[in-house]
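Okay, structure_24.cif now, which holds mmCIF, C-alpha atoms:
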```cif
data_data
#
loop_
_atom_site.label_atom_id
_atom_site.label_comp_id
_atom_site.auth_asym_id
_atom_site.auth_seq_id
_atom_site.Cartn_x
_atom_site.Cartn_y
_atom_site.Cartn_z
CA MET O 239 16.44 -37.17 47.30
CA ILE O 240 16.14 -33.59 48.53
CA LYS O 241 12.81 -32.91 50.15
CA PRO O 242 10.94 -29.84 48.76
CA ARG O 243 10.80 -26.96 51.25
CA THR O 244 7.46 -25.49 50.17
CA LEU O 245 4.12 -26.88 49.10
CA LEU O 246 4.41 -24.66 46.01
CA LYS O 247 7.49 -26.63 44.96
CA VAL O 248 5.63 -29.95 45.47
CA LEU O 249 2.74 -28.86 43.27
CA ILE O 250 5.07 -27.53 40.55
CA ASP O 251 7.05 -30.77 40.56
CA GLN O 252 3.84 -32.80 40.25
CA ARG O 253 3.13 -30.92 37.02
CA ARG O 254 6.75 -31.31 35.86
CA TRP O 255 6.98 -27.59 35.18
CA THR O 256 10.23 -25.76 34.67
CA TRP O 257 10.58 -22.13 35.70
CA ALA O 258 9.89 -21.04 32.09
CA ILE O 259 6.63 -23.00 31.90
CA PHE O 260 5.55 -21.79 35.35
CA ALA O 261 6.20 -18.17 34.33
CA ILE O 262 4.05 -18.57 31.22
CA GLU O 263 1.19 -20.20 33.14
CA PHE O 264 1.44 -17.54 35.85
CA ALA O 265 1.18 -14.75 33.26
CA LYS O 266 -1.86 -16.37 31.60
CA VAL O 267 -3.72 -16.68 34.89
CA ALA O 268 -2.73 -13.11 35.82
CA ASP O 269 -4.40 -11.85 32.64
CA THR O 270 -7.58 -13.66 33.68
CA VAL O 271 -7.62 -12.80 37.37
CA ILE O 272 -6.30 -9.24 37.26
CA GLY O 273 -6.88 -8.26 33.64
CA ARG O 274 -4.49 -7.56 30.81
CA GLY O 275 -2.09 -4.76 31.61
CA SER O 276 1.52 -3.72 31.93
CA HIS O 277 1.35 -3.77 35.77
CA ASN O 278 0.47 -7.43 36.19
CA PRO O 279 2.85 -9.38 38.44
CA THR O 280 5.47 -11.55 36.72
CA VAL O 281 7.91 -14.15 37.96
CA GLY O 282 11.63 -13.90 37.20
CA GLU O 283 13.88 -16.89 37.64
CA THR O 284 15.54 -15.55 40.83
CA GLN O 285 12.16 -14.80 42.34
CA TYR O 286 10.95 -18.28 41.37
CA ARG O 287 13.90 -19.87 43.20
CA ARG O 288 13.13 -17.88 46.37
CA TRP O 289 9.43 -18.85 46.23
CA THR O 290 10.08 -22.58 45.86
CA SER O 291 13.09 -22.85 48.19
CA GLY O 292 11.41 -21.43 51.29
CA GLN O 293 13.72 -18.39 51.36
CA LEU O 294 10.87 -15.87 51.07
CA LYS O 295 10.00 -14.09 54.30
CA GLY O 296 6.29 -13.55 54.46
CA LEU O 297 4.18 -13.64 51.31
CA PRO O 298 4.54 -12.00 47.87
CA SER O 299 2.27 -9.16 46.76
CA ALA O 300 -1.50 -9.47 47.10
CA ASP O 301 -1.91 -9.73 43.31
CA ALA O 302 0.70 -12.49 43.10
CA CYS O 303 -1.10 -14.38 45.89
CA ARG O 304 -4.41 -14.10 44.05
CA VAL O 305 -2.83 -15.54 40.90
CA LEU O 306 -1.19 -18.43 42.76
CA GLU O 307 -4.39 -19.31 44.62
CA GLU O 308 -6.25 -19.42 41.28
CA MET O 309 -3.54 -21.62 39.76
CA PHE O 310 -3.41 -24.22 42.54
CA HIS O 311 -6.68 -23.71 44.46
CA VAL O 312 -4.71 -23.54 47.72
CA GLU O 313 -4.38 -20.60 50.12
CA ALA O 314 -1.19 -18.61 49.54
CA SER O 315 -0.08 -19.02 53.16
CA LYS O 316 -0.07 -22.80 52.71
CA LEU O 317 1.74 -22.63 49.38
CA PHE O 318 4.73 -20.92 50.98
CA ALA O 319 4.72 -23.11 54.10
CA PRO O 320 6.63 -26.41 54.33
CA PRO O 321 4.73 -29.23 52.65
CA PRO O 322 2.74 -31.58 54.94
CA GLU O 323 3.67 -35.20 55.17
CA SER O 324 2.55 -37.32 52.24
CA THR O 325 0.27 -39.30 54.56
CA ASP O 326 -1.57 -36.17 55.57
CA PRO O 327 -5.07 -36.21 53.99
CA ASP O 328 -4.87 -32.44 53.52
CA VAL O 329 -2.00 -32.75 51.04
CA PRO O 330 -3.33 -31.56 47.68
CA THR O 331 -2.57 -33.97 44.86
CA PHE O 332 -2.17 -33.34 41.18
CA ASP O 333 -5.26 -34.48 39.32
CA LEU O 334 -4.15 -35.37 35.79
CA GLU O 335 -7.67 -35.79 34.51
CA ALA O 336 -8.70 -32.40 35.88
CA GLU O 337 -5.58 -30.82 34.36
CA ILE O 338 -6.39 -32.28 30.94
CA ALA O 339 -9.99 -31.10 31.18
CA MET O 340 -8.91 -27.60 32.20
CA THR O 341 -6.42 -27.41 29.34
CA ALA O 342 -9.10 -28.51 26.88
CA HIS O 343 -11.45 -25.78 28.14
CA GLU O 344 -8.70 -23.16 27.87
CA ALA O 345 -7.92 -24.23 24.31
CA GLN O 346 -11.60 -24.01 23.44
CA ASP O 347 -11.84 -20.53 24.94
CA ASP O 348 -8.75 -19.40 23.00
CA ALA O 349 -10.22 -20.75 19.78
CA GLY O 350 -13.47 -18.93 20.47
CA ALA O 351 -11.59 -15.69 21.04
CA ALA O 352 -9.71 -16.19 17.77
CA ALA O 353 -12.98 -16.81 15.92
CA ALA O 354 -14.37 -13.60 17.38
CA SER O 355 -11.24 -11.79 16.18
CA SER O 356 -12.00 -12.29 12.50
CA VAL O 357 -14.23 -11.02 9.75
CA SER O 358 -16.21 -12.98 7.23
CA ASP O 359 -14.28 -14.11 4.18
CA LEU O 360 -17.21 -12.72 2.20
CA THR O 361 -16.40 -9.26 3.56
CA VAL O 362 -12.81 -9.56 2.38
CA ASP O 363 -13.98 -10.80 -1.03
CA GLN O 364 -16.36 -7.84 -1.38
CA LEU O 365 -13.67 -5.33 -0.46
CA ARG O 366 -11.36 -6.93 -3.00
CA ASP O 367 -14.03 -6.71 -5.70
CA ASP O 368 -14.72 -3.05 -4.86
CA VAL O 369 -11.07 -1.97 -4.90
CA HIS O 370 -10.37 -3.81 -8.15
CA ALA O 371 -13.52 -2.47 -9.82
CA LEU O 372 -12.43 1.06 -8.95
CA ALA O 373 -9.00 0.41 -10.47
CA ARG O 374 -10.54 -0.96 -13.68
CA ASN O 375 -12.98 1.96 -14.02
CA TYR O 376 -10.45 4.67 -13.15
CA GLY O 377 -10.09 5.93 -16.71
CA SER O 378 -13.80 6.68 -17.07
CA LEU O 379 -14.26 8.36 -13.69
CA ALA O 380 -13.54 11.87 -12.48
CA ALA O 381 -10.45 12.04 -10.26
CA LEU O 382 -12.49 13.51 -7.41
CA ASP O 383 -14.93 10.60 -7.55
CA VAL O 384 -12.02 8.14 -7.48
CA TRP O 385 -10.56 9.99 -4.50
CA ARG O 386 -13.79 9.76 -2.51
CA LYS O 387 -14.43 6.10 -3.36
CA ALA O 388 -10.82 5.05 -2.66
CA LYS O 389 -10.82 6.97 0.63
CA ASN O 390 -13.97 5.17 1.82
CA LEU O 391 -12.62 1.81 0.70
CA ARG O 392 -9.32 2.32 2.48
CA GLU O 393 -11.21 3.13 5.69
CA GLU O 394 -13.38 0.01 5.31
CA VAL O 395 -10.30 -2.12 4.76
CA GLN O 396 -8.63 -0.63 7.83
CA ASN O 397 -11.72 -1.29 9.96
CA SER O 398 -11.68 -4.91 8.86
CA ARG O 399 -7.97 -5.19 9.63
CA ASP O 400 -8.64 -3.95 13.16
CA ARG O 401 -11.26 -6.68 13.65
CA THR O 402 -9.32 -9.71 12.50
CA ALA O 403 -6.35 -11.63 13.82
CA VAL O 404 -6.49 -14.30 11.11
CA PRO O 405 -3.11 -14.21 9.29
CA ALA O 406 -4.56 -14.93 5.83
CA GLN O 407 -7.13 -12.15 6.22
CA GLN O 408 -4.51 -9.74 7.53
CA GLN O 409 -2.34 -10.46 4.47
CA ALA O 410 -5.21 -9.94 2.03
CA LEU O 411 -6.34 -6.74 3.75
CA LEU O 412 -2.79 -5.33 3.84
CA ILE O 413 -2.61 -5.71 0.07
CA LEU O 414 -6.04 -4.12 -0.40
CA ALA O 415 -5.08 -1.20 1.85
CA GLY O 416 -1.98 -0.72 -0.29
CA GLU O 417 -3.95 -0.87 -3.53
CA ALA O 418 -6.48 1.67 -2.23
CA SER O 419 -3.59 3.94 -1.16
CA ALA O 420 -2.04 3.61 -4.63
CA LEU O 421 -5.34 4.69 -6.22
CA LEU O 422 -5.52 7.60 -3.79
CA ALA O 423 -2.01 8.59 -4.83
CA THR O 424 -2.97 8.61 -8.51
CA ALA O 425 -6.15 10.56 -7.80
CA ALA O 426 -4.24 13.11 -5.70
CA PHE O 427 -1.76 13.49 -8.55
CA ASP O 428 -4.54 14.02 -11.10
CA LEU O 429 -6.12 16.59 -8.77
CA GLY O 430 -2.82 18.48 -8.63
CA SER O 431 -1.78 17.71 -5.03
CA LEU O 432 1.73 16.39 -5.67
CA ASP O 433 2.92 16.35 -2.06
CA ALA O 434 -0.08 14.27 -1.01
CA ALA O 435 0.40 12.01 -4.02
CA LYS O 436 4.01 11.39 -3.00
CA ARG O 437 3.06 10.58 0.59
CA LEU O 438 0.30 8.21 -0.51
CA ALA O 439 2.55 6.45 -3.02
CA ARG O 440 5.08 5.87 -0.24
CA THR O 441 2.24 4.55 1.92
CA ALA O 442 1.27 2.10 -0.82
CA ALA O 443 4.90 1.00 -1.13
CA LEU O 444 5.08 0.43 2.63
CA TYR O 445 1.95 -1.71 2.55
CA GLY O 446 3.51 -3.71 -0.28
CA GLU O 447 6.70 -4.17 1.71
CA THR O 448 4.80 -5.27 4.84
CA ALA O 449 2.70 -7.73 2.84
CA ARG O 450 5.75 -8.91 0.84
CA TYR O 451 3.80 -8.07 -2.33
CA GLU O 452 6.38 -6.98 -4.89
CA PRO O 453 4.04 -5.89 -7.73
CA LEU O 454 2.49 -3.25 -5.45
CA ARG O 455 5.92 -2.01 -4.39
CA ALA O 456 6.92 -1.74 -8.06
CA TYR O 457 3.76 0.11 -9.02
CA ALA O 458 4.14 2.58 -6.14
CA SER O 459 7.83 3.18 -6.95
CA GLY O 460 6.91 3.87 -10.56
CA SER O 461 4.37 6.41 -9.33
CA LEU O 462 7.03 8.04 -7.16
CA ALA O 463 9.19 8.34 -10.28
CA TYR O 464 6.72 10.34 -12.33
CA ILE O 465 5.63 12.38 -9.32
CA ALA O 466 9.30 13.27 -8.87
CA TYR O 467 9.74 14.81 -12.30
CA TYR O 468 6.41 16.59 -12.14
CA SER O 469 7.56 18.06 -8.80
CA GLY O 470 10.86 19.23 -10.27
CA ASP O 471 12.96 16.52 -8.57
CA LEU O 472 14.29 15.37 -11.93
CA SER O 473 17.31 13.46 -10.66
CA LEU O 474 15.18 11.28 -8.35
CA ALA O 475 12.85 10.05 -11.09
CA PRO O 476 15.18 7.54 -12.80
CA VAL O 477 16.37 6.32 -9.38
CA HIS O 478 12.82 5.35 -8.41
CA ALA O 479 12.18 3.71 -11.78
CA ARG O 480 15.40 1.68 -11.77
CA HIS O 481 14.80 0.58 -8.18
CA ALA O 482 11.29 -0.60 -9.05
CA LEU O 483 12.71 -2.77 -11.83
CA THR O 484 14.71 -4.77 -9.25
CA TYR O 485 11.61 -6.25 -7.62
CA ARG O 486 10.93 -9.88 -8.33
CA GLY O 487 7.80 -11.44 -9.72
CA LEU O 488 6.89 -8.64 -12.13
CA GLY O 489 5.08 -9.36 -15.38
CA ASP O 490 5.70 -7.82 -18.79
CA VAL O 491 3.09 -5.10 -18.23
CA ALA O 492 4.80 -3.91 -15.06
CA THR O 493 8.25 -3.99 -16.69
CA ARG O 494 6.96 -2.13 -19.77
CA ARG O 495 5.43 0.60 -17.60
CA LEU O 496 8.60 1.07 -15.58
CA HIS O 497 10.88 1.26 -18.62
CA SER O 498 8.51 3.80 -20.15
CA ILE O 499 8.62 5.94 -17.00
CA GLU O 500 12.40 5.53 -16.88
CA ALA O 501 12.65 6.76 -20.49
CA ARG O 502 10.72 9.94 -19.70
CA ALA O 503 12.81 10.50 -16.58
CA TYR O 504 16.00 10.42 -18.62
CA GLY O 505 14.35 12.58 -21.27
CA HIS O 506 13.73 15.28 -18.67
CA LEU O 507 17.36 15.13 -17.65
CA GLY O 508 18.49 15.46 -21.26
CA HIS O 509 20.16 12.03 -21.24
CA ALA O 510 19.14 11.15 -24.78
CA GLU O 511 21.03 7.87 -25.10
CA ALA O 512 19.71 6.47 -21.81
CA ALA O 513 16.19 7.65 -22.69
CA ARG O 514 16.28 5.93 -26.10
CA ARG O 515 17.61 2.74 -24.54
CA ALA O 516 14.79 2.64 -21.98
CA LEU O 517 12.29 3.57 -24.69
CA SER O 518 13.44 0.64 -26.80
CA MET O 519 13.27 -1.72 -23.82
CA SER O 520 9.70 -0.66 -23.07
CA GLU O 521 8.65 -1.71 -26.57
CA GLU O 522 10.61 -4.97 -26.66
CA VAL O 523 9.45 -6.62 -23.42
CA ASP O 524 8.01 -9.98 -24.44
CA THR O 525 8.52 -12.83 -21.96
CA ASP O 526 4.86 -13.76 -21.38
CA ALA O 527 5.39 -13.11 -17.65
CA THR O 528 2.41 -11.83 -15.67
CA ASP O 529 1.64 -10.70 -12.13
CA ASP O 530 -1.56 -10.43 -10.12
CA LEU O 531 -1.67 -6.64 -9.91
CA HIS O 532 -0.71 -5.30 -13.32
CA ASP O 533 -2.27 -8.11 -15.34
CA THR O 534 -5.04 -9.75 -13.29
CA VAL O 535 -6.42 -6.52 -11.78
CA GLY O 536 -5.29 -4.21 -14.58
CA GLY O 537 -7.16 -0.98 -15.15
CA GLU O 538 -5.21 1.85 -13.56
CA PHE O 539 -2.68 -0.76 -12.40
CA GLY O 540 -2.25 -1.95 -15.96
CA PHE O 541 -0.46 -0.33 -18.87
CA THR O 542 -2.29 -0.76 -22.16
CA ASP O 543 -0.73 -0.44 -25.61
CA GLU O 544 -2.32 2.99 -26.08
CA ARG O 545 -0.83 4.23 -22.81
CA LEU O 546 2.57 2.93 -23.89
CA ALA O 547 2.27 4.70 -27.25
CA MET O 548 1.13 7.92 -25.59
CA SER O 549 3.92 7.78 -23.02
CA ASN O 550 6.57 7.16 -25.66
CA ALA O 551 5.23 10.08 -27.72
CA SER O 552 5.90 12.29 -24.71
CA THR O 553 9.46 10.96 -24.41
CA ALA O 554 10.09 11.60 -28.10
CA LEU O 555 8.96 15.21 -27.58
CA LEU O 556 11.44 15.57 -24.71
CA LEU O 557 14.15 14.34 -27.09
CA GLY O 558 13.10 16.82 -29.78
CA ASP O 559 12.03 14.03 -32.15
CA GLY O 560 8.83 15.42 -33.62
CA ALA O 561 8.37 12.73 -36.27
CA THR O 562 8.52 9.85 -33.76
CA ALA O 563 6.31 11.77 -31.34
CA GLU O 564 3.67 12.31 -34.02
CA ALA O 565 3.72 8.65 -35.08
CA SER O 566 3.42 7.42 -31.48
CA ALA O 567 0.63 9.89 -30.65
CA LEU O 568 -1.33 8.87 -33.76
CA ARG O 569 -0.85 5.23 -32.80
CA ALA O 570 -2.24 5.93 -29.32
CA LEU O 571 -5.28 7.71 -30.75
CA GLU O 572 -5.95 4.89 -33.20
CA LEU O 573 -5.80 2.30 -30.42
CA VAL O 574 -8.19 4.29 -28.23
CA ALA O 575 -10.63 4.86 -31.11
CA ALA O 576 -10.66 1.12 -31.90
CA LYS O 577 -12.07 0.31 -28.45
CA PRO O 578 -15.80 0.22 -27.67
CA ALA O 579 -17.01 3.66 -26.60
CA LYS O 580 -17.42 2.68 -22.94
CA HIS O 581 -13.79 1.52 -22.78
CA ARG O 582 -12.24 4.62 -24.35
CA SER O 583 -10.21 6.56 -21.82
CA PRO O 584 -10.81 10.32 -22.14
CA ILE O 585 -7.57 10.86 -20.22
CA VAL O 586 -5.44 8.95 -22.75
CA PHE O 587 -7.40 10.52 -25.61
CA GLY O 588 -6.73 14.02 -24.31
CA LYS O 589 -3.04 13.49 -23.55
CA ALA O 590 -2.32 11.82 -26.89
CA SER O 591 -4.12 14.64 -28.72
CA ALA O 592 -2.01 17.22 -26.89
CA ASP O 593 1.17 15.30 -27.74
CA LEU O 594 0.14 15.17 -31.38
CA ALA O 595 -0.49 18.91 -31.40
CA MET O 596 2.93 19.62 -29.88
CA ALA O 597 4.64 17.29 -32.35
CA ARG O 598 3.05 19.19 -35.25
CA LEU O 599 3.99 22.54 -33.77
CA MET O 600 7.62 21.33 -33.75
CA THR O 601 7.40 21.06 -37.54
CA ASN O 602 5.49 24.38 -37.85
CA ASP O 603 2.25 22.62 -38.85
CA LEU O 604 -0.10 25.03 -37.08
CA ASP O 605 -3.22 23.85 -38.88
CA GLY O 606 -2.46 20.22 -37.99
CA ALA O 607 -1.83 21.23 -34.39
CA ALA O 608 -5.14 23.09 -34.26
CA GLU O 609 -6.95 20.01 -35.58
CA ALA O 610 -5.36 17.80 -32.89
CA LEU O 611 -6.12 20.32 -30.16
CA GLU O 612 -9.84 20.20 -30.80
CA THR O 613 -9.94 16.75 -29.23
CA MET O 614 -8.04 17.81 -26.13
CA LEU O 615 -10.06 21.00 -25.68
CA SER O 616 -13.28 18.99 -25.78
CA ILE O 617 -12.28 16.91 -22.75
CA ASN O 618 -14.77 17.38 -19.93
CA SER O 619 -13.44 19.41 -17.01
CA THR O 620 -13.85 16.43 -14.66
CA HIS O 621 -11.17 14.55 -16.63
CA ARG O 622 -8.67 17.40 -16.89
CA GLY O 623 -6.05 16.01 -14.57
CA THR O 624 -2.51 17.19 -13.98
CA GLY O 625 -1.13 15.45 -17.07
CA ILE O 626 -3.57 17.19 -19.43
CA VAL O 627 -3.38 20.57 -17.69
CA THR O 628 0.43 20.55 -17.80
CA ARG O 629 0.36 19.69 -21.50
CA ALA O 630 -2.02 22.58 -22.13
CA MET O 631 0.41 24.92 -20.35
CA SER O 632 3.27 23.71 -22.54
CA LEU O 633 1.21 24.19 -25.69
CA ARG O 634 0.22 27.68 -24.58
CA ARG O 635 3.90 28.60 -24.23
CA ALA O 636 4.74 27.03 -27.58
CA LEU O 637 2.13 29.18 -29.34
CA THR O 638 3.89 32.35 -28.14
CA GLN O 639 7.05 31.60 -30.12
CA GLN O 640 8.33 34.45 -32.25
CA HIS O 641 7.37 32.97 -35.64
CA LEU O 642 3.77 32.37 -34.49
CA ARG O 643 3.12 35.78 -32.93
CA GLY O 644 0.49 37.76 -34.77
CA THR O 645 -1.05 34.67 -36.29
CA VAL O 646 -4.81 34.75 -35.82
CA LEU O 647 -5.09 30.98 -35.38
CA ALA O 648 -2.24 30.89 -32.85
CA ALA O 649 -3.81 33.75 -30.87
CA ASP O 650 -7.21 32.03 -30.84
CA LEU O 651 -5.75 28.71 -29.72
CA GLY O 652 -3.71 30.47 -27.05
CA GLU O 653 -6.80 32.13 -25.57
CA ARG O 654 -8.69 28.85 -25.53
CA LEU O 655 -5.77 27.06 -23.86
CA GLU O 656 -5.45 29.80 -21.27
CA GLU O 657 -9.11 29.39 -20.40
CA PHE O 658 -8.64 25.60 -20.38
CA THR O 659 -5.81 25.78 -17.83
CA ARG O 660 -7.34 28.52 -15.70
CA LEU O 661 -10.47 26.52 -14.92
CA PRO O 662 -9.52 22.87 -15.44
CA GLY O 663 -12.09 21.58 -12.99
CA GLN O 664 -14.07 22.61 -9.94
CA HIS O 665 -11.69 20.87 -7.54
CA GLN O 666 -8.51 20.78 -9.63
CA LEU O 667 -5.34 22.23 -8.12
CA LEU O 668 -2.97 23.71 -10.68
CA PRO O 669 0.38 21.88 -10.67
CA PRO O 670 3.07 23.93 -8.94
CA TYR O 671 5.75 23.02 -11.43
CA GLU O 672 5.63 23.56 -15.19
CA LEU O 673 7.49 20.98 -17.22
CA PRO O 674 9.81 22.11 -20.01
CA ALA O 675 7.94 19.80 -22.37
CA LEU O 676 4.93 17.52 -22.41
CA ASP O 677 4.76 14.42 -20.26
CA ALA O 678 2.43 11.67 -19.09
#
```
Let me see the file written as C-alpha cells.
Amino acid sequence: MIKPRTLLKVLIDQRRWTWAIFAIEFAKVADTVIGRGSHNPTVGETQYRRWTSGQLKGLPSADACRVLEEMFHVEASKLFAPPPESTDPDVPTFDLEAEIAMTAHEAQDDAGAAAASSVSDLTVDQLRDDVHALARNYGSLAALDVWRKAKNLREEVQNSRDRTAVPAQQQALLILAGEASALLATAAFDLGSLDAAKRLARTAALYGETARYEPLRAYASGSLAYIAYYSGDLSLAPVHARHALTYRGLGDVATRRLHSIEARAYGHLGHAEAARRALSMSEEVDTDATDDLHDTVGGEFGFTDERLAMSNASTALLLGDGATAEASALRALELVAAKPAKHRSPIVFGKASADLAMARLMTNDLDGAAEALETMLSINSTHRGTGIVTRAMSLRRALTQQHLRGTVLAADLGERLEEFTRLPGQHQLLPPYELPALDA
C-alpha cells in the first residue's frame, strides 16, 4: 500500500472524499470563511493532485490556507508536511461522530436560510386574489385606474419573487406577474399606447413561457394579434392568432376568443373565405374544455357571449355584410342588457352600439344609425378606450359620404362624433392608426 505523502491526503482519505467532493466542501467553507464572491479560491483536479502528493513547494495562497485550516482544524504548514507516524499522539484522527454532528448543524443552517428566503403563503394568496379581482372588474373600471392598480400589483409580485426561493412560490408568482403584465397591456391598449401594449403583451407571454403556463401565453399572443392590426401590421395579426391556437391545455373560451381574433385579422386583410371560416369556428367551439385562466379567473381574461357577438359583428362589417353585422350587434346588446346593472360592461355596450350604427349606415338607415349612436355617445369619457374611439372615427368618416352630405342629421352626428373623438378622456392617447372599418 502506498503511503500518503501529506497529512492533507491522510485526512481526505479518512473521510473517503474524492477530488469532486473535496472541491465542493472546499467551496462551501470558502463561502463561510471568506464570504461569497467570484474571487474565492477554488481547487482544480490538477491542483488537488499537487496538494495531496507533496509536490507543492511552500504553501498555497493565504485564503486557501484559511479555508483548509477551517476544514480540518490543523495548521496549513502541517497539512502540507509528511504525515506523522500513526503511533504519534499528535496525529489528528477522523471523528465520525463529530462529522455527523457538524453535517447535521450545516443542514439545519441551510434549512433556516431557505425558510428565511420565502414569503408567507398568505401573501401569495392575497396577491392572487387581488390580481384576479382586477381582471374580473376590468369592464367596470376606467383604463387608467386598471393601469395604476395593475402596475402596483406587478411591483408587489416582483418584490415577493425577490424574497422567496421556494419553487412553488416562484411558480405561482411568475404566473401572477404575467397576469398583471397582461392586464397592463390591455390597459395600455385602451389608453391608446400601442407600442407599450405590444411590449407588455410580449412580457406577459415571456412570463407564461418561463412558468410553462400555456393559457397565459395564448392570451398574450391573442392580444399581440389585435394590437398588430390596430398598429397597421395587418399581416402579423393572423400569424399571432394561429400560433396561439397551437398551445396545449386551452379551454373552449380561449379557443373561441382566438378564432374570433383570427377572423377579424383575415377580415382586415380582405381574405373573406378565411375570415368566414374562422368566424364559423369561433361560434362552433363546444368541447366542454376549460382552463384556469380564461374560465376560472375569467373577467378580462374571459370571453363572454356578448363579447363574441360584438367581435363577430365587427368582422361582418369588415366583410361588407351589413345584415349579419346588425344581427350580431343586436345580439350583443341584448346579452349585455339582460345582465344585472353592476355586471353590464359599458365598453361592450359602447362598441356594440357603434357596430350597430355602422351596420345601419351600410344600408342607408340614417335614423336607425342615429338611434344606435345615442348609446355610444353616452359612454362616460373614462370608458372611451381605443376600440370605441376608433369606431367613432370610422363612423365620422362614414357620415361624410356623398349621399349623406347636406343632411342635417348626418351633420349633427358628425359634429358630436368629432367632439367625442377629440376629447375621449383626460388621459386617453388617440390611436395613431385609423382602421378602414370598425373593430374590437
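With only C-alpha atoms taken into account, the protein and nucleic acid residues at most 8 Å from Leu633 of chain O (excluding it and anything under 6 positions from it in its own chain) are Ala592, Ala595, Met596 and Leu655 of chain O.
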For C-alpha atoms, I'd like the residues from the last selection saved as an mmCIF file, in the frame of the given file.
```cif
data_model
loop_
_atom_site.group_PDB
_atom_site.id
_atom_site.type_symbol
_atom_site.label_atom_id
_atom_site.label_comp_id
_atom_site.auth_asym_id
_atom_site.auth_seq_id
_atom_site.Cartn_x
_atom_site.Cartn_y
_atom_site.Cartn_z
ATOM 1 C CA ALA O 592 -2.010 17.220 -26.890
ATOM 2 C CA ALA O 595 -0.490 18.910 -31.400
ATOM 3 C CA MET O 596 2.930 19.620 -29.880
ATOM 4 C CA LEU O 655 -5.770 27.060 -23.860
#
```
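Here atom CA of Val477 of chain O stands at a distance of 26.2 Å from atom CA of Ala590 of chain O.
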Rounded to one decimal in Å, what is the spacing between atom CA of Leu615 of chain O and atom CA of Gly470 of chain O?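 Atom CA of Gly470 of chain O lies at a distance of 26.0 Å from atom CA of Leu615 of chain O.
Between atom CA of Ala425 of chain O and atom CA of Ile499 of chain O there is a distance of 18.0 Å.
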Selection under test: the PyMOL selection byres ((chain O and resi 486-494) around 12); residues as an MDAnalysis selection string: chainID O and resid 450:461 479:485 495:501 516:543 545:547 549:550
Identify all residues satisfying the PyMOL selection byres ((chain O and resi 317) around 10) in the given file; provide them as a compact mmCIF listing (two decimals) with C-alpha atoms, in the coordinates of the input.
```
# COMPACT_ATOMS: atom_id res chain seq x y z
CA THR O 244 7.46 -25.49 50.17
CA LEU O 245 4.12 -26.88 49.10
CA LEU O 246 4.41 -24.66 46.01
CA LYS O 247 7.49 -26.63 44.96
CA VAL O 248 5.63 -29.95 45.47
CA LEU O 249 2.74 -28.86 43.27
CA TRP O 289 9.43 -18.85 46.23
CA THR O 290 10.08 -22.58 45.86
CA GLY O 292 11.41 -21.43 51.29
CA LEU O 297 4.18 -13.64 51.31
CA CYS O 303 -1.10 -14.38 45.89
CA LEU O 306 -1.19 -18.43 42.76
CA GLU O 307 -4.39 -19.31 44.62
CA PHE O 310 -3.41 -24.22 42.54
CA HIS O 311 -6.68 -23.71 44.46
CA VAL O 312 -4.71 -23.54 47.72
CA GLU O 313 -4.38 -20.60 50.12
CA ALA O 314 -1.19 -18.61 49.54
CA SER O 315 -0.08 -19.02 53.16
CA LYS O 316 -0.07 -22.80 52.71
CA PHE O 318 4.73 -20.92 50.98
CA ALA O 319 4.72 -23.11 54.10
CA PRO O 320 6.63 -26.41 54.33
CA PRO O 321 4.73 -29.23 52.65
```
Among listed residues O:Tyr467, O:Phe587, O:Tyr445, O:Trp257, nearest Glu283 of chain O (using only C-alpha atoms): O:Trp257
Carefully work through the PyMOL selection byres ((chain O and resi 634-649) around 10) for this structure and note down the residues it includes, as a list in words.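 Output of the PyMOL selection byres ((chain O and resi 634-649) around 10): Met596, Leu599, Met600, Asn602, Leu604, Asp605, Ala607, Ala608, Thr628, Arg629, Ala630, Met631, Ser632, Leu633, Asp650, Leu651, Gly652, Glu653, Arg654, Leu655, Glu656, Thr659, Pro674 and Ala675 of chain O.
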Store the residues picked out above, limited to C-alpha atoms, as a tab-separated table (two decimals), in the coordinates of the input.
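After the write, out-v8.tsv holds the following:
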```
chain	number	residue	atom	x	y	z
O	596	MET	CA	2.93	19.62	-29.88
O	599	LEU	CA	3.99	22.54	-33.77
O	600	MET	CA	7.62	21.33	-33.75
O	602	ASN	CA	5.49	24.38	-37.85
O	604	LEU	CA	-0.10	25.03	-37.08
O	605	ASP	CA	-3.22	23.85	-38.88
O	607	ALA	CA	-1.83	21.23	-34.39
O	608	ALA	CA	-5.14	23.09	-34.26
O	628	THR	CA	0.43	20.55	-17.80
O	629	ARG	CA	0.36	19.69	-21.50
O	630	ALA	CA	-2.02	22.58	-22.13
O	631	MET	CA	0.41	24.92	-20.35
O	632	SER	CA	3.27	23.71	-22.54
O	633	LEU	CA	1.21	24.19	-25.69
O	650	ASP	CA	-7.21	32.03	-30.84
O	651	LEU	CA	-5.75	28.71	-29.72
O	652	GLY	CA	-3.71	30.47	-27.05
O	653	GLU	CA	-6.80	32.13	-25.57
O	654	ARG	CA	-8.69	28.85	-25.53
O	655	LEU	CA	-5.77	27.06	-23.86
O	656	GLU	CA	-5.45	29.80	-21.27
O	659	THR	CA	-5.81	25.78	-17.83
O	674	PRO	CA	9.81	22.11	-20.01
O	675	ALA	CA	7.94	19.80	-22.37
```
Could you tell me which of O:Asp428, O:Glu544, O:Glu263, O:Asp363 comes closest to Val384 of chain O if we count all atoms listed in the file?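 Using all atoms listed in the file, the shortest distance to Val384 of chain O belongs to O:Asp428.
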Which residue of O:Thr620, O:Thr601, O:Ser469, O:Ser356 approaches Val404 of chain O most closely, using all atoms listed in the file: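 Checking each candidate against Val404 of chain O, we get O:Ser356 as the closest.
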If you count all atoms listed in the file, which residues fall within 12 Å of Ala449 of chain O, apart from same-chain ones fewer than 2 positions away, as a list in words?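 Surrounding residues, per the criterion: Pro405, Ala406, Gln407, Gln408, Gln409, Ala410, Leu411, Leu412, Ile413, Leu414, Ala415, Gly416, Glu417, Ala442, Ala443, Leu444, Tyr445, Gly446, Glu447, Tyr451, Glu452, Pro453, Leu454 and Arg455 of chain O.
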Residues within 9 Å of Gly505 of chain O, only C-alpha atoms, excluding chain neighbours under 5 positions, as a VMD selection string: chain O and resid 500 510 512 to 514 553 to 557
Next, write the just-selected residues to a file, as a short mmCIF file (atom, residue, chain, number, x, y, z; two decimals), in the coordinates of the input, keeping C-alpha atoms as the atom set.
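Contents of the output file out_38.cif:
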```
data_model
loop_
_atom_site.label_atom_id
_atom_site.label_comp_id
_atom_site.auth_asym_id
_atom_site.auth_seq_id
_atom_site.Cartn_x
_atom_site.Cartn_y
_atom_site.Cartn_z
CA GLU O 500 12.40 5.53 -16.88
CA ALA O 510 19.14 11.15 -24.78
CA ALA O 512 19.71 6.47 -21.81
CA ALA O 513 16.19 7.65 -22.69
CA ARG O 514 16.28 5.93 -26.10
CA THR O 553 9.46 10.96 -24.41
CA ALA O 554 10.09 11.60 -28.10
CA LEU O 555 8.96 15.21 -27.58
CA LEU O 556 11.44 15.57 -24.71
CA LEU O 557 14.15 14.34 -27.09
#
```
